[in-house]
$ cat final-v9.cif   # mmCIF, C-alpha atoms and all ligand atoms
data_entry
#
loop_
_atom_site.label_atom_id
_atom_site.label_comp_id
_atom_site.auth_asym_id
_atom_site.auth_seq_id
_atom_site.Cartn_x
_atom_site.Cartn_y
_atom_site.Cartn_z
CA MET A 273 -26.83 3.70 7.11
CA PRO A 274 -26.05 6.70 9.30
CA VAL A 275 -27.37 6.58 12.83
CA SER A 276 -29.07 9.88 13.33
CA ASP A 277 -31.36 9.62 16.34
CA GLY A 278 -28.54 10.40 18.72
CA ALA A 279 -28.94 7.17 20.68
CA CYS A 280 -25.33 6.12 20.54
CA GLU A 281 -22.13 6.14 22.47
CA LEU A 282 -20.85 9.03 20.41
CA HIS A 283 -23.40 11.16 22.15
CA GLY A 284 -22.74 9.75 25.58
CA CYS A 285 -25.84 7.63 26.04
CA GLY A 286 -24.08 4.27 26.22
CA THR A 287 -25.42 2.66 23.09
CA LEU A 288 -22.83 1.44 20.63
CA ARG A 289 -23.23 1.55 16.92
CA VAL A 290 -22.79 -1.98 15.72
CA ARG A 291 -22.10 -3.25 12.30
CA GLY A 292 -24.13 -5.45 10.06
CA VAL A 293 -26.81 -6.76 12.42
CA GLY A 294 -30.33 -6.06 11.24
CA ALA A 295 -31.31 -2.62 12.41
CA SER A 296 -27.60 -1.80 12.63
CA ARG A 297 -27.59 -0.76 16.24
CA GLU A 298 -28.75 -2.10 19.56
CA ARG A 299 -28.59 -0.83 23.06
CA LEU A 300 -25.89 -2.75 24.88
CA PRO A 301 -23.96 -2.10 28.04
CA LYS A 302 -20.69 -0.29 27.47
CA GLY A 303 -17.87 -2.71 26.76
CA TRP A 304 -20.15 -5.22 25.07
CA LEU A 305 -20.73 -5.50 21.40
CA GLU A 306 -22.99 -7.64 19.33
CA ARG A 307 -21.23 -8.79 16.21
CA SER A 308 -22.21 -10.80 13.19
CA SER A 309 -19.89 -13.10 11.32
CA ALA A 310 -19.96 -15.17 8.19
CA TRP A 311 -21.17 -18.05 10.36
CA GLY A 312 -24.09 -16.17 11.82
CA ARG A 313 -24.65 -13.90 14.75
CA GLU A 314 -22.37 -14.29 17.67
CA ARG A 315 -22.38 -12.44 20.91
CA ARG A 316 -19.20 -11.99 22.85
CA VAL A 317 -17.59 -9.87 25.45
CA TRP A 318 -15.52 -7.19 23.90
CA SER A 319 -12.55 -6.27 25.97
CA MET A 320 -12.33 -2.72 24.56
CA LYS A 321 -8.66 -3.32 23.94
CA ALA A 322 -6.67 -3.69 20.74
CA ARG A 323 -3.65 -5.89 20.31
CA ALA A 324 -0.92 -4.19 18.35
CA ILE A 325 2.66 -4.83 17.29
CA VAL A 326 4.95 -2.07 18.57
CA GLN A 327 8.38 -1.38 17.16
CA THR A 328 10.53 -0.09 20.02
CA ALA A 329 13.92 0.02 18.23
CA PRO A 330 15.47 -1.31 15.00
CA ARG A 331 14.61 -5.03 14.72
CA GLN A 332 12.65 -4.96 17.98
CA LEU A 333 8.94 -5.76 17.83
CA GLU A 334 6.61 -6.63 20.68
CA LEU A 335 2.91 -7.35 21.07
CA ARG A 336 1.07 -4.95 23.37
CA GLU A 337 -2.49 -4.03 24.25
CA PHE A 338 -4.01 -0.59 23.95
CA PRO A 339 -7.36 0.83 25.04
CA LEU A 340 -9.66 1.68 22.17
CA PRO A 341 -9.80 5.41 21.53
CA ASP A 342 -12.84 7.63 21.90
CA ILE A 343 -14.23 8.62 18.55
CA ASP A 344 -15.50 12.16 18.06
CA ASP A 345 -17.71 13.59 15.37
CA ASP A 346 -14.90 13.73 12.78
CA SER A 347 -13.01 10.48 13.36
CA ALA A 348 -13.58 6.74 13.20
CA LEU A 349 -12.35 3.38 14.41
CA LEU A 350 -11.32 0.76 11.86
CA ARG A 351 -11.36 -2.96 12.60
CA VAL A 352 -8.31 -4.04 10.64
CA GLU A 353 -8.97 -7.00 8.36
CA ALA A 354 -5.64 -7.02 6.55
CA CYS A 355 -2.47 -5.00 6.32
CA GLY A 356 -0.20 -5.40 3.31
CA ILE A 357 3.54 -5.73 3.84
CA CYS A 358 5.96 -3.99 1.51
CA GLY A 359 9.60 -3.05 1.17
CA SER A 360 9.24 0.01 3.36
CA ASP A 361 8.08 -2.21 6.23
CA ALA A 362 11.40 -4.02 5.96
CA GLU A 363 13.27 -0.69 5.94
CA GLN A 364 11.28 0.56 8.90
CA TYR A 365 12.00 -2.70 10.76
CA ALA A 366 15.73 -2.42 10.00
CA GLY A 367 15.79 1.21 11.16
CA VAL A 368 16.74 2.62 7.73
CA LEU A 369 13.61 4.79 7.52
CA PRO A 370 13.66 7.75 9.90
CA VAL A 371 10.46 6.80 11.78
CA PRO A 372 10.02 7.95 15.39
CA MET A 373 9.66 5.05 17.85
CA PRO A 374 8.01 3.37 19.62
CA VAL A 375 5.50 3.07 16.82
CA ILE A 376 2.82 0.68 15.57
CA PRO A 377 3.86 -0.06 11.96
CA GLY A 378 1.45 -0.86 9.14
CA HIS A 379 0.64 1.62 6.38
CA GLU A 380 -1.44 -0.53 4.00
CA PRO A 381 -4.70 -1.01 5.91
CA LEU A 382 -7.91 -2.61 4.79
CA GLY A 383 -10.72 -2.91 7.29
CA VAL A 384 -14.29 -2.40 8.36
CA ILE A 385 -15.60 0.76 9.98
CA GLU A 386 -16.39 -0.23 13.55
CA LYS A 387 -17.41 3.18 14.87
CA ILE A 388 -17.68 6.53 13.15
CA GLY A 389 -18.66 10.09 13.99
CA ASP A 390 -21.65 11.51 12.16
CA ARG A 391 -19.67 14.22 10.42
CA ALA A 392 -16.94 11.77 9.32
CA ALA A 393 -19.63 9.40 7.97
CA LYS A 394 -21.06 12.26 5.93
CA ARG A 395 -17.71 13.57 4.68
CA TRP A 396 -16.32 10.17 3.74
CA GLY A 397 -19.59 8.70 2.49
CA VAL A 398 -19.17 5.54 4.57
CA ASP A 399 -20.73 4.13 7.71
CA VAL A 400 -20.44 1.37 10.28
CA GLY A 401 -19.95 -1.98 8.56
CA ASP A 402 -18.46 -0.60 5.34
CA ARG A 403 -15.17 -2.04 4.16
CA VAL A 404 -12.58 0.58 3.31
CA ALA A 405 -9.05 0.84 1.99
CA VAL A 406 -7.12 3.50 3.90
CA GLU A 407 -4.44 5.60 2.21
CA PRO A 408 -1.15 5.63 4.14
CA LEU A 409 -0.64 9.38 4.22
CA ILE A 410 -2.74 11.70 6.34
CA PRO A 411 -2.45 15.12 4.72
CA CYS A 412 -2.90 18.37 6.63
CA GLY A 413 -5.26 19.77 4.02
CA HIS A 414 -3.88 23.28 3.93
CA CYS A 415 -0.13 23.41 3.26
CA ALA A 416 1.18 24.49 -0.15
CA ALA A 417 1.60 20.84 -1.25
CA CYS A 418 -1.96 19.95 -0.23
CA ARG A 419 -3.42 23.05 -1.83
CA SER A 420 -1.69 22.27 -5.10
CA GLY A 421 -2.99 18.71 -5.10
CA ASN A 422 0.32 17.05 -4.20
CA TYR A 423 -0.79 15.83 -0.80
CA GLN A 424 1.49 12.79 -0.94
CA VAL A 425 4.43 15.11 -0.15
CA CYS A 426 2.56 17.03 2.58
CA ARG A 427 4.74 17.93 5.56
CA GLY A 428 2.14 20.26 7.08
CA ARG A 429 2.18 18.32 10.35
CA GLY A 430 5.93 18.76 10.71
CA ARG A 431 7.06 15.51 9.11
CA MET A 432 5.76 12.66 6.99
CA PHE A 433 2.50 11.99 8.79
CA GLY A 434 0.72 8.78 8.06
CA HIS A 435 -0.65 5.49 9.28
CA GLY A 436 2.23 3.33 10.50
CA TYR A 437 4.61 6.26 10.96
CA ILE A 438 3.22 8.14 13.98
CA PRO A 439 4.69 7.20 17.38
CA ILE A 440 2.47 5.80 20.12
CA SER A 441 3.32 8.87 22.22
CA GLU A 442 0.91 10.77 19.97
CA PRO A 443 -2.65 10.03 21.16
CA PRO A 444 -4.52 7.82 20.58
CA ALA A 445 -1.47 5.61 19.73
CA LEU A 446 -3.37 3.26 17.38
CA TRP A 447 -2.10 4.87 14.18
CA GLY A 448 -0.70 1.77 12.49
CA ALA A 449 -2.41 -1.26 10.99
CA TYR A 450 -0.32 -3.98 12.65
CA ALA A 451 -3.20 -4.06 15.10
CA ASP A 452 -6.74 -5.31 15.65
CA PHE A 453 -8.05 -1.76 15.47
CA MET A 454 -6.75 1.47 13.98
CA TYR A 455 -7.76 5.07 14.61
CA LEU A 456 -8.93 7.07 11.60
CA ASP A 457 -8.00 10.73 11.83
CA PRO A 458 -10.34 13.41 10.44
CA PHE A 459 -7.85 13.80 7.56
CA SER A 460 -7.40 10.07 6.85
CA ILE A 461 -8.43 9.20 3.30
CA VAL A 462 -10.63 6.15 2.81
CA HIS A 463 -12.03 4.36 -0.24
CA ARG A 464 -14.94 1.98 -0.07
CA VAL A 465 -14.15 -1.56 -1.28
CA ARG A 466 -16.55 -4.40 -2.08
CA LYS A 467 -16.94 -6.80 0.84
CA ASP A 468 -17.21 -10.07 -1.05
CA LEU A 469 -13.53 -10.22 -2.02
CA PRO A 470 -10.99 -12.02 0.18
CA ALA A 471 -9.24 -9.46 2.40
CA SER A 472 -5.80 -10.62 1.25
CA ILE A 473 -6.73 -9.75 -2.36
CA ALA A 474 -8.65 -6.54 -1.60
CA VAL A 475 -5.63 -5.26 0.36
CA MET A 476 -3.61 -5.26 -2.86
CA PHE A 477 -5.02 -1.78 -3.55
CA ASN A 478 -1.71 -0.51 -2.27
CA PRO A 479 0.86 -2.12 -4.58
CA LEU A 480 -1.59 -1.87 -7.47
CA GLY A 481 -2.22 1.79 -6.74
CA ALA A 482 1.54 2.31 -6.90
CA GLY A 483 1.59 0.51 -10.25
CA PHE A 484 -1.05 2.87 -11.64
CA ARG A 485 0.68 5.99 -10.38
CA TRP A 486 4.28 5.04 -11.19
CA ALA A 487 3.84 3.16 -14.46
CA VAL A 488 0.83 5.00 -15.92
CA GLU A 489 -0.15 8.29 -14.28
CA ILE A 490 3.29 9.90 -13.90
CA PRO A 491 4.80 8.81 -17.26
CA HIS A 492 1.45 9.26 -19.11
CA THR A 493 1.62 5.71 -20.46
CA GLY A 494 -0.81 4.93 -23.21
CA PRO A 495 -1.35 2.92 -26.39
CA GLY A 496 1.79 2.61 -28.50
CA ASP A 497 4.19 2.90 -25.58
CA THR A 498 6.89 0.38 -24.76
CA VAL A 499 7.21 0.10 -20.99
CA LEU A 500 10.31 -1.41 -19.39
CA VAL A 501 9.92 -2.40 -15.73
CA LEU A 502 13.17 -2.89 -13.80
CA GLY A 503 12.50 -5.35 -10.96
CA PRO A 504 9.74 -7.99 -10.72
CA GLY A 505 8.71 -7.54 -7.05
CA GLN A 506 5.14 -6.75 -6.06
CA ARG A 507 5.52 -3.14 -7.32
CA GLY A 508 7.06 -4.34 -10.58
CA LEU A 509 4.26 -6.82 -11.17
CA ALA A 510 1.72 -4.14 -10.27
CA SER A 511 3.39 -1.87 -12.85
CA VAL A 512 2.94 -4.57 -15.48
CA ILE A 513 -0.75 -4.97 -14.62
CA ALA A 514 -1.33 -1.20 -14.67
CA ALA A 515 0.62 -0.61 -17.91
CA ARG A 516 -1.34 -3.42 -19.56
CA ALA A 517 -4.64 -1.92 -18.34
CA ALA A 518 -3.54 1.45 -19.79
CA GLY A 519 -3.04 -0.10 -23.21
CA ALA A 520 0.76 -0.15 -23.43
CA GLU A 521 1.85 -1.80 -26.64
CA ARG A 522 4.83 -3.70 -25.32
CA ILE A 523 5.94 -4.51 -21.79
CA ILE A 524 9.38 -5.81 -20.83
CA VAL A 525 10.43 -6.81 -17.30
CA THR A 526 13.92 -7.45 -15.92
CA GLY A 527 14.91 -9.61 -12.97
CA LEU A 528 17.58 -11.85 -11.51
CA ALA A 529 17.94 -15.60 -12.08
CA ARG A 530 16.32 -16.25 -8.69
CA ASP A 531 13.28 -14.21 -9.81
CA GLU A 532 12.21 -16.81 -12.39
CA GLN A 533 8.86 -17.41 -10.69
CA LYS A 534 8.14 -13.68 -10.54
CA LEU A 535 9.15 -13.21 -14.17
CA ALA A 536 6.79 -16.03 -15.17
CA LEU A 537 4.03 -14.22 -13.28
CA ALA A 538 4.95 -10.99 -15.05
CA ARG A 539 4.37 -12.75 -18.37
CA GLU A 540 1.05 -14.06 -17.11
CA PHE A 541 0.02 -10.53 -16.08
CA GLY A 542 0.77 -9.14 -19.52
CA ALA A 543 4.53 -8.72 -19.98
CA ASP A 544 5.55 -9.54 -23.56
CA TYR A 545 9.20 -10.21 -22.73
CA THR A 546 11.24 -10.83 -19.61
CA ILE A 547 15.01 -10.50 -19.28
CA ASN A 548 17.24 -12.37 -16.84
CA ILE A 549 19.89 -9.71 -16.23
CA GLU A 550 22.42 -12.30 -15.03
CA ALA A 551 22.23 -14.31 -18.24
CA GLU A 552 21.58 -11.64 -20.88
CA ASP A 553 23.03 -8.33 -22.03
CA VAL A 554 20.14 -6.06 -21.06
CA ARG A 555 21.19 -3.05 -23.18
CA ARG A 556 21.43 -5.23 -26.30
CA ARG A 557 18.21 -7.08 -25.56
CA VAL A 558 16.20 -3.87 -25.03
CA HIS A 559 17.72 -2.49 -28.22
CA GLU A 560 16.60 -5.60 -30.15
CA LEU A 561 13.11 -5.72 -28.65
CA THR A 562 12.44 -2.04 -29.43
CA GLU A 563 13.92 -1.98 -32.95
CA GLY A 564 16.74 0.18 -31.69
CA ARG A 565 14.50 2.92 -30.24
CA GLY A 566 14.63 2.07 -26.55
CA ALA A 567 11.72 2.09 -24.12
CA ASP A 568 9.33 5.06 -24.02
CA VAL A 569 8.85 4.51 -20.31
CA VAL A 570 11.29 2.95 -17.82
CA VAL A 571 9.94 2.23 -14.34
CA GLU A 572 12.71 1.58 -11.81
CA VAL A 573 11.28 -0.43 -8.92
CA SER A 574 14.19 -2.67 -7.98
CA ALA A 575 15.12 -2.70 -4.31
CA ASN A 576 18.42 -1.53 -2.83
CA SER A 577 20.69 -1.75 -5.86
CA PRO A 578 21.51 1.67 -7.42
CA GLU A 579 23.01 0.27 -10.66
CA PRO A 580 19.70 0.03 -12.57
CA VAL A 581 19.23 3.80 -12.13
CA ALA A 582 22.39 4.48 -14.17
CA GLU A 583 21.53 1.71 -16.64
CA ALA A 584 18.04 3.12 -17.24
CA LEU A 585 19.61 5.95 -19.26
CA TYR A 586 20.84 3.37 -21.78
CA TYR A 587 17.45 1.65 -22.05
CA VAL A 588 15.26 4.72 -22.47
CA ALA A 589 14.22 6.12 -25.85
CA THR A 590 15.01 9.64 -26.97
CA GLY A 591 12.37 11.86 -25.38
CA GLY A 592 11.42 9.02 -23.04
CA ARG A 593 10.43 9.06 -19.38
CA ILE A 594 12.19 7.38 -16.46
CA VAL A 595 10.30 6.97 -13.21
CA LEU A 596 12.44 6.32 -10.13
CA ALA A 597 10.44 4.66 -7.37
CA GLY A 598 12.69 1.95 -5.90
CA VAL A 599 14.47 3.18 -2.78
CA LYS A 600 18.17 2.41 -2.39
CA GLY A 601 18.92 3.14 1.25
CA PHE A 602 20.26 6.61 0.25
CA LYS A 603 23.20 5.10 -1.67
CA VAL A 604 25.09 7.05 -4.34
CA VAL A 605 24.46 5.93 -7.93
CA PRO A 606 27.81 5.01 -9.52
CA ASN A 607 28.44 5.50 -13.26
CA PHE A 608 25.51 7.87 -13.75
CA VAL A 609 26.16 9.49 -17.14
CA SER A 610 24.00 12.58 -17.04
CA ASP A 611 24.94 13.50 -20.61
CA LEU A 612 22.72 10.65 -21.77
CA ALA A 613 19.76 12.40 -20.16
CA VAL A 614 20.80 15.64 -21.86
CA VAL A 615 21.29 14.37 -25.36
CA LYS A 616 18.19 12.19 -25.26
CA GLU A 617 16.08 14.88 -23.56
CA VAL A 618 14.94 12.35 -21.02
CA THR A 619 12.44 13.21 -18.29
CA ILE A 620 13.50 11.68 -14.97
CA ARG A 621 10.86 11.75 -12.30
CA GLY A 622 10.91 10.52 -8.73
CA ALA A 623 7.74 8.96 -7.39
CA PHE A 624 6.80 8.76 -3.75
CA GLY A 625 3.43 7.50 -2.69
CA VAL A 626 0.21 7.11 -4.60
CA THR A 627 -2.69 9.41 -5.46
CA SER A 628 -6.38 8.90 -4.75
CA ARG A 629 -6.95 8.60 -8.48
CA ALA A 630 -4.44 5.75 -8.77
CA TYR A 631 -5.94 4.01 -5.71
CA ARG A 632 -9.38 4.21 -7.30
CA SER A 633 -8.03 2.70 -10.54
CA ALA A 634 -6.49 -0.11 -8.49
CA ILE A 635 -9.67 -0.80 -6.53
CA ARG A 636 -11.76 -0.86 -9.71
CA LEU A 637 -9.33 -3.34 -11.26
CA ILE A 638 -9.37 -5.56 -8.16
CA GLU A 639 -13.18 -5.49 -8.06
CA SER A 640 -13.40 -6.31 -11.77
CA GLY A 641 -11.78 -9.70 -11.17
CA ARG A 642 -10.09 -9.39 -14.57
CA VAL A 643 -6.59 -10.18 -13.32
CA PRO A 644 -5.76 -13.39 -11.37
CA LEU A 645 -4.21 -11.41 -8.52
CA GLU A 646 -4.34 -14.39 -6.20
CA LYS A 647 -1.34 -15.77 -8.10
CA MET A 648 0.72 -12.90 -6.75
CA HIS A 649 -0.42 -13.40 -3.17
CA THR A 650 1.87 -15.85 -1.43
CA HIS A 651 1.42 -15.54 2.35
CA ASP A 652 -1.10 -14.64 5.07
CA PHE A 653 0.17 -14.16 8.60
CA PRO A 654 -1.48 -13.63 11.97
CA LEU A 655 -0.46 -10.51 13.89
CA GLU A 656 1.90 -12.49 16.11
CA GLN A 657 4.05 -13.42 13.10
CA ALA A 658 4.68 -9.84 11.93
CA GLU A 659 8.42 -10.13 12.42
CA TYR A 660 8.68 -13.34 10.42
CA ALA A 661 6.53 -11.79 7.67
CA ILE A 662 8.82 -8.77 7.37
CA ARG A 663 11.98 -10.85 7.42
CA LEU A 664 10.55 -13.13 4.75
CA LEU A 665 9.79 -10.17 2.49
CA ALA A 666 13.30 -8.84 3.12
CA GLY A 667 14.75 -12.17 1.91
CA GLU A 668 16.12 -13.09 5.34
CA ILE A 669 14.44 -16.49 5.57
CA PRO A 670 16.55 -19.10 3.74
CA GLY A 671 14.65 -21.32 1.35
CA GLU A 672 11.42 -19.31 1.35
CA SER A 673 10.35 -16.22 -0.57
CA SER A 674 7.23 -14.12 -0.84
CA ILE A 675 5.76 -11.76 -3.43
CA HIS A 676 2.69 -10.19 -1.87
CA SER A 677 1.99 -11.00 1.75
CA CYS A 678 -0.19 -9.52 4.44
CA LEU A 679 -1.09 -9.67 8.09
CA LEU A 680 -4.64 -10.69 8.93
CA PRO A 681 -5.05 -9.37 12.49
CA GLY A 682 -8.44 -11.04 12.98
CA SER A 683 -7.18 -14.52 12.06
ZN ZN B 1 3.89 -0.06 1.59
ZN ZN B 2 -0.48 19.45 3.75
#

$ encode --input "final-v9.cif" --output "structure tokens"
Amino acid sequence: MPVSDGACELHGCGTLRVRGVGASRERLPKGWLERSSAWGRERRVWSMKARAIVQTAPRQLELREFPLPDIDDDSALLRVEACGICGSDAEQYAGVLPVPMPVIPGHEPLGVIEKIGDRAAKRWGVDVGDRVAVEPLIPCGHCAACRSGNYQVCRGRGRMFGHGYIPISEPPALWGAYADFMYLDPFSIVHRVRKDLPASIAVMFNPLGAGFRWAVEIPHTGPGDTVLVLGPGQRGLASVIAARAAGAERIIVTGLARDEQKLALAREFGADYTINIEAEDVRRRVHELTEGRGADVVVEVSANSPEPVAEALYYVATGGRIVLAGVKGFKVVPNFVSDLAVVKEVTIRGAFGVTSRAYRSAIRLIESGRVPLEKMHTHDFPLEQAEYAIRLLAGEIPGESSIHSCLLPGS
């Protein structure tokens, strides 16, 4: 419910908008906030500071405190409930991604609007207390890419500009979601999400959104299509879920011997066949499973290894579509036989980021409760364990592995 009588901090009178408590706002001294919780109302001193993880150099993370930013008419403050962790977090941590530092990482935020300017509330259709999923990229709104609807490749602010990728030298520093609170820029994109779902499930809008864009939207997957997903990580599993939701006729997933648990999950989420690439001849198996035609759609979401990119040309059907979305640390692809793409008239498309439409499809699917997504969620971590969480996802922790994991800053 928008606060419109002007009696709030945004207008300098010292009253804070507060979330979820009866009349939705009360006059309190600055620096104090009345909050409600699942266990009832609780009143506590609010330090007006946010804890955040700062990456200062490759493989260097530290916990720091930041003052909460002022919010103007067009911006907002998010109380971060959860931040998903994905492969690009591991690359950012290792220093492979060209991200300016020091920076607060975290580009998959889910949270509750803590404060919001009146104009932002109107533009975004949300208010204090609403739970929102925040898209990683913050487009400029007027470059050629934005104007043509391809805002996920916007460079209008000079570089890739998004939550988790903007250095703390750029005010107000709290751009990433590895933090208690995150600043929402006037051009941040938010989607309202139902509040009765566990945060660690609701935050899956990000991998699932990628599944909808990479496995459905870009290759126009529909009924009758055979979809082959290379790699059973969280993006691969999300691709299976999305392709199934889009009515794909047959879904095949490849993985390594150590991926057996993920391949079993893939089958549970709708894959018809899974292939252990270490034990089976993948070309022959795909040939058999598709009556010699090959897959209409191949989604390449394996991490680091470039070989599957070259192999995809053998798996794809004539006239088929290959979507490349797994990043390989800028490695060269050996044995890439481009003639196969020529003679089969294959469409090869790179995919970077997700669209609002795909995020909405993901959020609707999460809210529907149709898919047992909790089976894919393996770990919750407090903010202090960010480094362990990233290293676990990167496979650096012997004897333990994760599929989908997230930070829960409030825990
Ligand atoms: Zn991510
Ligand atoms: Zn732009």

$ closest_atom_pairs --input "final-v9.cif" --of "chain A" --to "ligand ZN 2 (chain B)" --cutoff "9 Å" --atoms "all atoms listed in the file" --output "CSV"
residue,atom,partner,partner_atom,distance
A:Ile410,CA,B:ZN2,ZN,8.5
A:Pro411,CA,B:ZN2,ZN,4.9
A:Cys412,CA,B:ZN2,ZN,3.9
A:Gly413,CA,B:ZN2,ZN,4.8
A:His414,CA,B:ZN2,ZN,5.1
A:Cys415,CA,B:ZN2,ZN,4.0
A:Ala416,CA,B:ZN2,ZN,6.6
A:Ala417,CA,B:ZN2,ZN,5.6
A:Cys418,CA,B:ZN2,ZN,4.3
A:Arg419,CA,B:ZN2,ZN,7.3
A:Asn422,CA,B:ZN2,ZN,8.3
A:Tyr423,CA,B:ZN2,ZN,5.8
A:Gln424,CA,B:ZN2,ZN,8.4
A:Val425,CA,B:ZN2,ZN,7.6
A:Cys426,CA,B:ZN2,ZN,4.1
A:Arg427,CA,B:ZN2,ZN,5.7
A:Gly428,CA,B:ZN2,ZN,4.3
A:Arg429,CA,B:ZN2,ZN,7.2

$ write_last_selection --input "final-v9.cif" --atoms "C-alpha atoms" --output "PDB file, in the coordinates of the input"
ATOM      1  CA  ILE A 410      -2.740  11.700   6.340  1.00  0.00           C
ATOM      2  CA  PRO A 411      -2.450  15.120   4.720  1.00  0.00           C
ATOM      3  CA  CYS A 412      -2.900  18.370   6.630  1.00  0.00           C
ATOM      4  CA  GLY A 413      -5.260  19.770   4.020  1.00  0.00           C
ATOM      5  CA  HIS A 414      -3.880  23.280   3.930  1.00  0.00           C
ATOM      6  CA  CYS A 415      -0.130  23.410   3.260  1.00  0.00           C
ATOM      7  CA  ALA A 416       1.180  24.490  -0.150  1.00  0.00           C
ATOM      8  CA  ALA A 417       1.600  20.840  -1.250  1.00  0.00           C
ATOM      9  CA  CYS A 418      -1.960  19.950  -0.230  1.00  0.00           C
ATOM     10  CA  ARG A 419      -3.420  23.050  -1.830  1.00  0.00           C
ATOM     11  CA  ASN A 422       0.320  17.050  -4.200  1.00  0.00           C
ATOM     12  CA  TYR A 423      -0.790  15.830  -0.800  1.00  0.00           C
ATOM     13  CA  GLN A 424       1.490  12.790  -0.940  1.00  0.00           C
ATOM     14  CA  VAL A 425       4.430  15.110  -0.150  1.00  0.00           C
ATOM     15  CA  CYS A 426       2.560  17.030   2.580  1.00  0.00           C
ATOM     16  CA  ARG A 427       4.740  17.930   5.560  1.00  0.00           C
ATOM     17  CA  GLY A 428       2.140  20.260   7.080  1.00  0.00           C
ATOM     18  CA  ARG A 429       2.180  18.320  10.350  1.00  0.00           C
TER      19      ARG A 429
END

$ residues_near_ligand --input "final-v9.cif" --ligand "ligand ZN 1 (chain B)" --cutoff "7 Å" --atoms "only C-alpha atoms and all ligand atoms" --output "PyMOL selection string"
chain A and resi 356-361+379-380+478

$ residues_around --input "final-v9.cif" --residues "Val404 (chain A)" --least-positions-apart "6" --cutoff "6 Å" --atoms "all atoms listed in the file" --output "PyMOL selection string"
chain A and resi 382-383+462-465

$ residues_around --input "final-v9.cif" --residues "Arg516 (chain A)" --least-positions-apart "6" --cutoff "8 Å" --atoms "all atoms listed in the file" --output "list of chain:residue names"
A:Ile523, A:Gly542, A:Ala543

$ residues_around --input "final-v9.cif" --residues "region 439-455 of chain A" --least-positions-apart "5" --cutoff "7 Å" --atoms "only C-alpha atoms" --output "list of chain:residue names"
A:Ala322, A:Arg323, A:Ala324, A:Ile325, A:Pro341, A:Ala348, A:Leu349, A:Leu350, A:Arg351, A:Val352, A:Cys355, A:Pro372, A:Met373, A:Pro374, A:Val375, A:Ile376, A:Pro377, A:Gly378, A:His379, A:Pro381, A:Leu655, A:Pro681, A:Gly682

$ closest_residue --input "final-v9.cif" --among "A:His492, A:Arg539, A:Arg403, A:Arg557" --to "Gly519 (chain A)" --atoms "all atoms listed in the file"
A:His492

$ residues_around --input "final-v9.cif" --residues "region 638-641 of chain A" --least-positions-apart "6" --cutoff "10 Å" --atoms "only C-alpha atoms" --output "list in words"
Val465, Arg466, Lys467, Asp468, Leu469, Ile473, Ala474, Val475, Met476, Phe477, Leu480 and Arg632 of chain A

$ atom_distance --input "final-v9.cif" --atom1 "CA of Ile490 (chain A)" --atom2 "CA of Val614 (chain A)"
20.1 Å

$ closest_residue --input "final-v9.cif" --among "A:Gly527, A:Gly625, A:Gly434, A:Gly367" --to "Gly481 (chain A)" --atoms "only C-alpha atoms"
A:Gly625

$ atom_distance --input "final-v9.cif" --atom1 "CA of Val499 (chain A)" --atom2 "CA of Asp531 (chain A)"
19.1 Å

$ closest_residue --input "final-v9.cif" --among "A:Ser420, A:Gly505, A:Ala517, A:Phe624" --to "Arg636 (chain A)" --atoms "all atoms listed in the file"
A:Ala517

$ residues_around --input "final-v9.cif" --residues "Tyr365 (chain A)" --least-positions-apart "5" --cutoff "9 Å" --atoms "only C-alpha atoms" --output "PyMOL selection string"
chain A and resi 327+329-333+360+377+659+662-663

$ closest_residue --input "final-v9.cif" --among "A:Val615, A:Leu645, A:Val570, A:Leu585" --to "Glu540 (chain A)" --atoms "all atoms listed in the file"
A:Leu645

$ closest_residue --input "final-v9.cif" --among "A:Glu563, A:Asp544, A:Asp390, A:Glu353" --to "Pro470 (chain A)" --atoms "all atoms listed in the file"
A:Glu353

$ closest_residue --input "final-v9.cif" --among "A:Val581, A:Val595, A:Ala634, A:Ala518" --to "Gly494 (chain A)" --atoms "all atoms listed in the file"
A:Ala518

$ build_atoms --input "final-v9.cif" --residues "region 611-617 of chain A" --atoms "N, CA and C atoms" --output "short mmCIF file (atom, residue, chain, number, x, y, z; two decimals), in the frame of the given file"
data_model
loop_
_atom_site.label_atom_id
_atom_site.label_comp_id
_atom_site.auth_asym_id
_atom_site.auth_seq_id
_atom_site.Cartn_x
_atom_site.Cartn_y
_atom_site.Cartn_z
N ASP A 611 25.00 13.05 -19.21
CA ASP A 611 24.94 13.50 -20.61
C ASP A 611 23.91 12.71 -21.42
N LEU A 612 23.72 11.46 -21.05
CA LEU A 612 22.72 10.65 -21.77
C LEU A 612 21.32 11.25 -21.60
N ALA A 613 21.06 11.76 -20.39
CA ALA A 613 19.76 12.40 -20.16
C ALA A 613 19.65 13.68 -20.96
N VAL A 614 20.80 14.38 -21.10
CA VAL A 614 20.80 15.64 -21.86
C VAL A 614 20.55 15.38 -23.34
N VAL A 615 21.38 14.53 -23.90
CA VAL A 615 21.29 14.37 -25.36
C VAL A 615 20.01 13.66 -25.79
N LYS A 616 19.44 12.86 -24.91
CA LYS A 616 18.19 12.19 -25.26
C LYS A 616 16.95 12.97 -24.80
N GLU A 617 17.19 14.09 -24.13
CA GLU A 617 16.08 14.88 -23.56
C GLU A 617 15.12 14.00 -22.76
#
